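Trainee: Here you go, this is coords23.pdb (PDB, C-alpha atoms).
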```pdb
ATOM      1  CA  MET A   1      66.488 110.487  78.341
ATOM      2  CA  ALA A   2      68.583 109.205  75.466
ATOM      3  CA  ALA A   3      68.905 110.005  71.817
ATOM      4  CA  ASN A   4      70.601 107.698  69.332
ATOM      5  CA  GLY A   5      71.851 105.534  72.202
ATOM      6  CA  TYR A   6      73.593 108.434  73.975
ATOM      7  CA  ILE A   7      72.595 109.959  77.297
ATOM      8  CA  ARG A   8      71.319 113.514  77.501
ATOM      9  CA  LYS A   9      71.536 113.941  81.241
ATOM     10  CA  VAL A  10      73.256 112.166  84.121
ATOM     11  CA  THR A  11      70.498 110.919  86.435
ATOM     12  CA  LEU A  12      70.697 110.551  90.217
ATOM     13  CA  ARG A  13      71.030 106.777  89.749
ATOM     14  CA  ASP A  14      73.868 107.293  87.261
ATOM     15  CA  GLU A  15      75.528 109.694  89.678
ATOM     16  CA  LYS A  16      75.308 107.185  92.526
ATOM     17  CA  LEU A  17      77.096 104.619  90.358
ATOM     18  CA  LEU A  18      79.685 107.099  89.047
ATOM     19  CA  THR A  19      80.429 108.205  92.617
ATOM     20  CA  GLN A  20      80.993 104.624  93.697
ATOM     21  CA  LEU A  21      83.245 103.991  90.686
ATOM     22  CA  ALA A  22      85.244 107.099  91.568
ATOM     23  CA  LYS A  23      85.699 105.783  95.112
ATOM     24  CA  THR A  24      86.310 102.053  94.559
ATOM     25  CA  GLY A  25      87.301 101.897  90.886
ATOM     26  CA  ILE A  26      85.130  99.035  89.697
ATOM     27  CA  ALA A  27      81.699  97.424  89.939
ATOM     28  CA  SER A  28      79.934  94.515  88.342
ATOM     29  CA  VAL A  29      76.761  94.922  86.294
ATOM     30  CA  GLU A  30      74.977  93.017  89.071
ATOM     31  CA  GLN A  31      76.147  95.536  91.684
ATOM     32  CA  ALA A  32      75.066  98.472  89.482
ATOM     33  CA  GLU A  33      71.594  96.978  89.130
ATOM     34  CA  LYS A  34      71.252  95.939  92.783
ATOM     35  CA  TYR A  35      72.552  99.083  94.487
ATOM     36  CA  CYS A  36      71.942 101.864  91.943
ATOM     37  CA  ASP A  37      69.075 100.483  89.854
ATOM     38  CA  VAL A  38      71.136 101.134  86.701
ATOM     39  CA  LYS A  39      70.243  98.425  84.180
ATOM     40  CA  ILE A  40      72.412  97.072  81.360
ATOM     41  CA  LYS A  41      70.597  99.122  78.700
ATOM     42  CA  ARG A  42      71.457 102.323  80.574
ATOM     43  CA  LEU A  43      75.030 101.110  81.166
ATOM     44  CA  LYS A  44      75.468 100.619  77.416
ATOM     45  CA  ARG A  45      74.271 104.200  76.840
ATOM     46  CA  LEU A  46      76.674 105.467  79.486
ATOM     47  CA  GLU A  47      79.417 103.505  77.725
ATOM     48  CA  ARG A  48      78.524 104.911  74.324
ATOM     49  CA  SER A  49      78.601 108.403  75.862
ATOM     50  CA  LYS A  50      82.100 107.654  77.295
ATOM     51  CA  TYR A  51      81.103 107.838  80.965
ATOM     52  CA  VAL A  52      81.920 104.197  81.663
ATOM     53  CA  LYS A  53      83.747 101.285  80.091
ATOM     54  CA  LEU A  54      82.295  97.773  80.178
ATOM     55  CA  THR A  55      84.693  94.820  80.132
ATOM     56  CA  THR A  56      83.701  91.173  80.272
ATOM     57  CA  THR A  57      86.133  88.881  82.033
ATOM     58  CA  THR A  58      86.155  85.463  83.636
ATOM     59  CA  ASN A  59      86.298  85.657  87.413
ATOM     60  CA  ALA A  60      86.310  82.502  89.559
ATOM     61  CA  GLY A  61      85.092  80.474  86.571
ATOM     62  CA  LYS A  62      82.154  82.815  85.963
ATOM     63  CA  GLU A  63      81.818  85.450  83.258
ATOM     64  CA  THR A  64      81.481  88.909  84.823
ATOM     65  CA  THR A  65      80.911  92.243  83.130
ATOM     66  CA  LEU A  66      82.836  94.965  84.924
ATOM     67  CA  ILE A  67      82.214  98.706  84.911
ATOM     68  CA  GLN A  68      84.936 101.340  85.218
ATOM     69  CA  LEU A  69      84.973 105.085  84.683
ATOM     70  CA  GLU A  70      85.845 106.293  81.195
ATOM     71  CA  LYS A  71      87.172 109.710  80.141
ATOM     72  CA  ARG A  72      83.905 111.670  80.392
ATOM     73  CA  GLY A  73      82.906 109.930  83.618
ATOM     74  CA  LYS A  74      86.250 110.787  85.218
ATOM     75  CA  ALA A  75      85.962 114.422  84.139
ATOM     76  CA  TYR A  76      82.378 114.598  85.411
ATOM     77  CA  MET A  77      83.363 113.193  88.816
ATOM     78  CA  GLN A  78      86.424 115.425  89.160
ATOM     79  CA  GLU A  79      84.336 118.506  88.383
ATOM     80  CA  LYS A  80      81.221 117.586  90.348
ATOM     81  CA  LEU A  81      82.463 115.753  93.419
ATOM     82  CA  MET A  82      86.101 114.819  93.703
ATOM     83  CA  HIS A  83      87.741 118.245  93.390
ATOM     84  CA  ASP A  84      90.580 117.512  95.788
ATOM     85  CA  HIS A  85      90.407 113.737  95.758
ATOM     86  CA  SER A  86      92.099 111.173  93.581
ATOM     87  CA  LEU A  87      89.929 108.742  91.713
ATOM     88  CA  ALA A  88      90.265 105.110  92.698
ATOM     89  CA  ARG A  89      92.259 102.845  90.425
ATOM     90  CA  ALA A  90      91.063  99.306  89.952
ATOM     91  CA  GLN A  91      93.146  96.559  88.453
ATOM     92  CA  ILE A  92      91.608  93.991  86.164
ATOM     93  CA  ASP A  93      93.888  91.311  87.640
ATOM     94  CA  HIS A  94      92.461  91.939  91.141
ATOM     95  CA  VAL A  95      88.789  91.653  90.198
ATOM     96  CA  ASP A  96      87.646  89.525  93.123
ATOM     97  CA  HIS A  97      89.423  91.798  95.623
ATOM     98  CA  ASP A  98      88.073  95.004  94.066
ATOM     99  CA  LEU A  99      84.494  93.707  93.812
ATOM    100  CA  LYS A 100      84.611  92.805  97.523
ATOM    101  CA  LEU A 101      85.735  96.366  98.282
ATOM    102  CA  THR A 102      82.810  97.676  96.211
ATOM    103  CA  GLU A 103      80.461  95.403  98.153
ATOM    104  CA  ALA A 104      81.871  96.771 101.432
ATOM    105  CA  TYR A 105      81.292 100.331 100.158
ATOM    106  CA  TYR A 106      77.640  99.628  99.382
ATOM    107  CA  ARG A 107      77.089  97.944 102.742
ATOM    108  CA  LEU A 108      78.061 101.146 104.537
ATOM    109  CA  PRO A 109      75.184 103.361 105.629
ATOM    110  CA  GLU A 110      74.858 106.142 103.061
ATOM    111  CA  ARG A 111      75.937 108.869 105.498
ATOM    112  CA  TYR A 112      79.370 107.208 105.823
ATOM    113  CA  ARG A 113      79.958 106.694 102.099
ATOM    114  CA  ASP A 114      80.734 110.400 101.702
ATOM    115  CA  THR A 115      83.781 109.949 103.953
ATOM    116  CA  PHE A 116      85.071 106.893 102.041
ATOM    117  CA  LYS A 117      88.635 107.413 100.812
ATOM    118  CA  CYS A 118      90.320 104.954  98.458
ATOM    119  CA  GLU A 119      93.858 103.642  98.772
ATOM    120  CA  HIS A 120      95.159 105.958  96.042
ATOM    121  CA  GLN A 121      93.791 108.998  97.893
ATOM    122  CA  LEU A 122      95.183 107.780 101.214
ATOM    123  CA  VAL A 123      98.666 107.298  99.780
ATOM    124  CA  ARG A 124      98.533 110.803  98.246
ATOM    125  CA  GLU A 125      97.572 112.261 101.622
ATOM    126  CA  ILE A 126     100.371 110.400 103.420
ATOM    127  CA  TYR A 127     102.933 111.639 100.884
ATOM    128  CA  LYS A 128     101.604 115.197 101.071
ATOM    129  CA  GLU A 129     101.818 115.265 104.880
ATOM    130  CA  ARG A 130     105.100 113.323 104.997
ATOM    131  CA  PRO A 131     107.123 114.059 101.839
ATOM    132  CA  TYR A 132     110.048 112.011 103.185
ATOM    133  CA  LEU A 133     107.891 108.890 102.646
ATOM    134  CA  THR A 134     107.187 109.605  98.966
ATOM    135  CA  ASN A 135     107.449 106.390  96.944
ATOM    136  CA  LYS A 136     108.639 104.488 100.024
ATOM    137  CA  LEU A 137     105.388 102.904 101.245
ATOM    138  CA  GLU A 138     105.333  99.183 100.463
ATOM    139  CA  THR A 139     101.578  98.973 100.840
ATOM    140  CA  CYS A 140      98.513 100.685 102.308
ATOM    141  CA  ILE A 141      95.024  99.706 103.392
ATOM    142  CA  ASP A 142      92.281  99.714 100.758
ATOM    143  CA  ALA A 143      90.156 102.495 102.210
ATOM    144  CA  THR A 144      89.083 104.481 105.247
ATOM    145  CA  VAL A 145      85.730 105.763 106.362
ATOM    146  CA  GLU A 146      84.852 108.127 109.184
ATOM    147  CA  VAL A 147      82.286 106.766 111.646
ATOM    148  CA  ASN A 148      81.192 109.027 114.510
ATOM    149  CA  GLY A 149      84.511 110.888 114.488
ATOM    150  CA  GLU A 150      86.628 107.714 114.314
ATOM    151  CA  ILE A 151      88.683 106.722 111.284
ATOM    152  CA  VAL A 152      88.040 103.078 110.404
ATOM    153  CA  GLY A 153      90.299 101.288 107.939
ATOM    154  CA  ILE A 154      88.884  98.824 105.413
ATOM    155  CA  GLU A 155      91.027  96.053 103.957
ATOM    156  CA  VAL A 156      90.039  93.157 101.729
ATOM    157  CA  VAL A 157      92.445  90.355 102.633
ATOM    158  CA  GLY A 158      94.088  88.995  99.494
ATOM    159  CA  LYS A 159      94.834  85.310  98.967
ATOM    160  CA  THR A 160      98.591  85.900  99.029
ATOM    161  CA  TYR A 161      98.684  88.036 102.180
ATOM    162  CA  THR A 162     101.252  87.010 104.761
ATOM    163  CA  GLU A 163     101.198  87.873 108.454
ATOM    164  CA  ARG A 164     103.876  90.468 107.640
ATOM    165  CA  THR A 165     101.639  92.112 105.014
ATOM    166  CA  ILE A 166      98.768  92.396 107.479
ATOM    167  CA  GLN A 167     101.102  93.736 110.171
ATOM    168  CA  THR A 168     102.548  96.367 107.803
ATOM    169  CA  LYS A 169      99.084  97.501 106.678
ATOM    170  CA  THR A 170      97.993  97.757 110.322
ATOM    171  CA  GLU A 171     101.048  99.847 111.246
ATOM    172  CA  ILE A 172     100.520 102.235 108.322
ATOM    173  CA  ALA A 173      96.800 102.560 109.091
ATOM    174  CA  LYS A 174      97.433 103.439 112.723
ATOM    175  CA  ALA A 175     100.589 105.549 112.390
ATOM    176  CA  TYR A 176      99.823 107.562 109.262
ATOM    177  CA  LEU A 177      96.034 107.457 108.867
ATOM    178  CA  ASN A 178      94.969 107.595 112.530
ATOM    179  CA  CYS A 179      92.771 104.515 112.193
ATOM    180  CA  THR A 180      91.299 103.388 115.491
ATOM    181  CA  LYS A 181      89.988 100.128 113.968
ATOM    182  CA  ILE A 182      90.395  98.093 110.810
ATOM    183  CA  LYS A 183      87.609  96.071 109.232
ATOM    184  CA  TRP A 184      89.221  92.993 107.631
ATOM    185  CA  ILE A 185      87.151  91.488 104.821
ATOM    186  CA  LYS A 186      87.849  87.933 103.646
TER     187      LYS A 186
END
```
Here is the file; what I need is its structure written in the form of structure tokens.

Mentor:
Amino acid sequence: MAANGYIRKVTLRDEKLLTQLAKTGIASVEQAEKYCDVKIKRLKRLERSKYVKLTTTTNAGKETTLIQLEKRGKAYMQEKLMHDHSLARAQIDHVDHDLKLTEAYYRLPERYRDTFKCEHQLVREIYKERPYLTNKLETCIDATVEVNGEIVGIEVVGKTYTERTIQTKTEIAKAYLNCTKIKWIK
């Protein structure tokens, strides 16, 4: 499985985690263990092999170790799964928000996770279909997922959101992404 602390082969559990990281951008060690059964020892080997990067930060007064894709992990996901999709981009200063989005991803039934599209991918699609909007969108919803032929938006409500922000996100989701519903996560 591993030699000298490096991985020899990406396992199905690793792949499940890497796929989620490609779609939401970030996970905590706890989420990796709970949903993918990837333990810290394996995460450290994945890190040493440049598939993931581990960063410890303080979030809501609690120390949290975060996982993000690293160079080899990004290349692996682009080649294996995300050929025409953009990888999600997480921001270290939005940890709570991004971990809630990851939690929402894992709470989806597995058959719907394949249709999960991150904000970065959605914005790219909007700009591709409507070039006149390029670099003009103020915001966008966090993700979409297709459920029984319907496009459902997913948005983690940030602490600083105003009614205007929510209204704008709703308008973009309906007008440009054909969302029939939006799941608001607080």

Trainee: Given the PyMOL selection byres ((chain A and resi 143) around 6) and the file above, list the residues it selects as a PDB file with C-alpha atoms, in the frame of the given file.

Mentor:
```pdb
ATOM      1  CA  LYS A 117      88.635 107.413 100.812  1.00  0.00           C
ATOM      2  CA  CYS A 118      90.320 104.954  98.458  1.00  0.00           C
ATOM      3  CA  GLU A 119      93.858 103.642  98.772  1.00  0.00           C
ATOM      4  CA  ILE A 141      95.024  99.706 103.392  1.00  0.00           C
ATOM      5  CA  ASP A 142      92.281  99.714 100.758  1.00  0.00           C
ATOM      6  CA  THR A 144      89.083 104.481 105.247  1.00  0.00           C
ATOM      7  CA  GLY A 153      90.299 101.288 107.939  1.00  0.00           C
ATOM      8  CA  ILE A 154      88.884  98.824 105.413  1.00  0.00           C
TER       9      ILE A 154
END
```

Trainee: Residues at most 10 Å from Val95 in chain A, counting all atoms listed in the file, excluding those fewer than 3 positions away in the same chain, as a PyMOL selection string?

Mentor: chain A and resi 26-28+57-60+64+66+90-92+98-101

Trainee: For a quick check of understanding, using all atoms listed in the file, which of A:Ile7, A:Ile151, A:Ala88, A:Ala104 has the smallest distance to Lys181 in chain A?

Mentor: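 Nearest candidate to Lys181 in chain A out of A:Ile7, A:Ile151, A:Ala88, A:Ala104: A:Ile151.
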
Trainee: Please identify all polymer residues within 8 Å of Leu17 in chain A, counting only C-alpha atoms, omitting same-chain residues fewer than 5 positions from it, and present them as a PDB file with C-alpha atoms, in the frame of the given file.

Mentor:
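Full text of out13.pdb as output:
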```
ATOM      1  CA  ALA A  32      75.066  98.472  89.482  1.00  0.00           C
ATOM      2  CA  CYS A  36      71.942 101.864  91.943  1.00  0.00           C
ATOM      3  CA  VAL A  38      71.136 101.134  86.701  1.00  0.00           C
TER       4      VAL A  38
END
```

Trainee: Which residues are close to Leu81 in chain A, i.e. within 12 Å by only C-alpha atoms, leaving aside same-chain residues fewer than 6 positions away? Reply as a PyMOL selection string.

Mentor: chain A and resi 15-16+18-20+22-23+73-75+87+114

Trainee: Figure out the distance between CA of Glu47 in chain A and CA of Gly5 in chain A, please, to one decimal in Å.

Mentor: 9.6 Å

Trainee: Could you tell me which residues the PyMOL selection byres ((chain A and resi 51) around 7) grabs in this file, written as a list in words?

Mentor: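 Listing what the PyMOL selection byres ((chain A and resi 51) around 7) selects in the shown file: Leu46, Glu47, Ser49, Lys50, Val52, Leu69, Glu70, Lys71, Arg72 and Gly73 of chain A.
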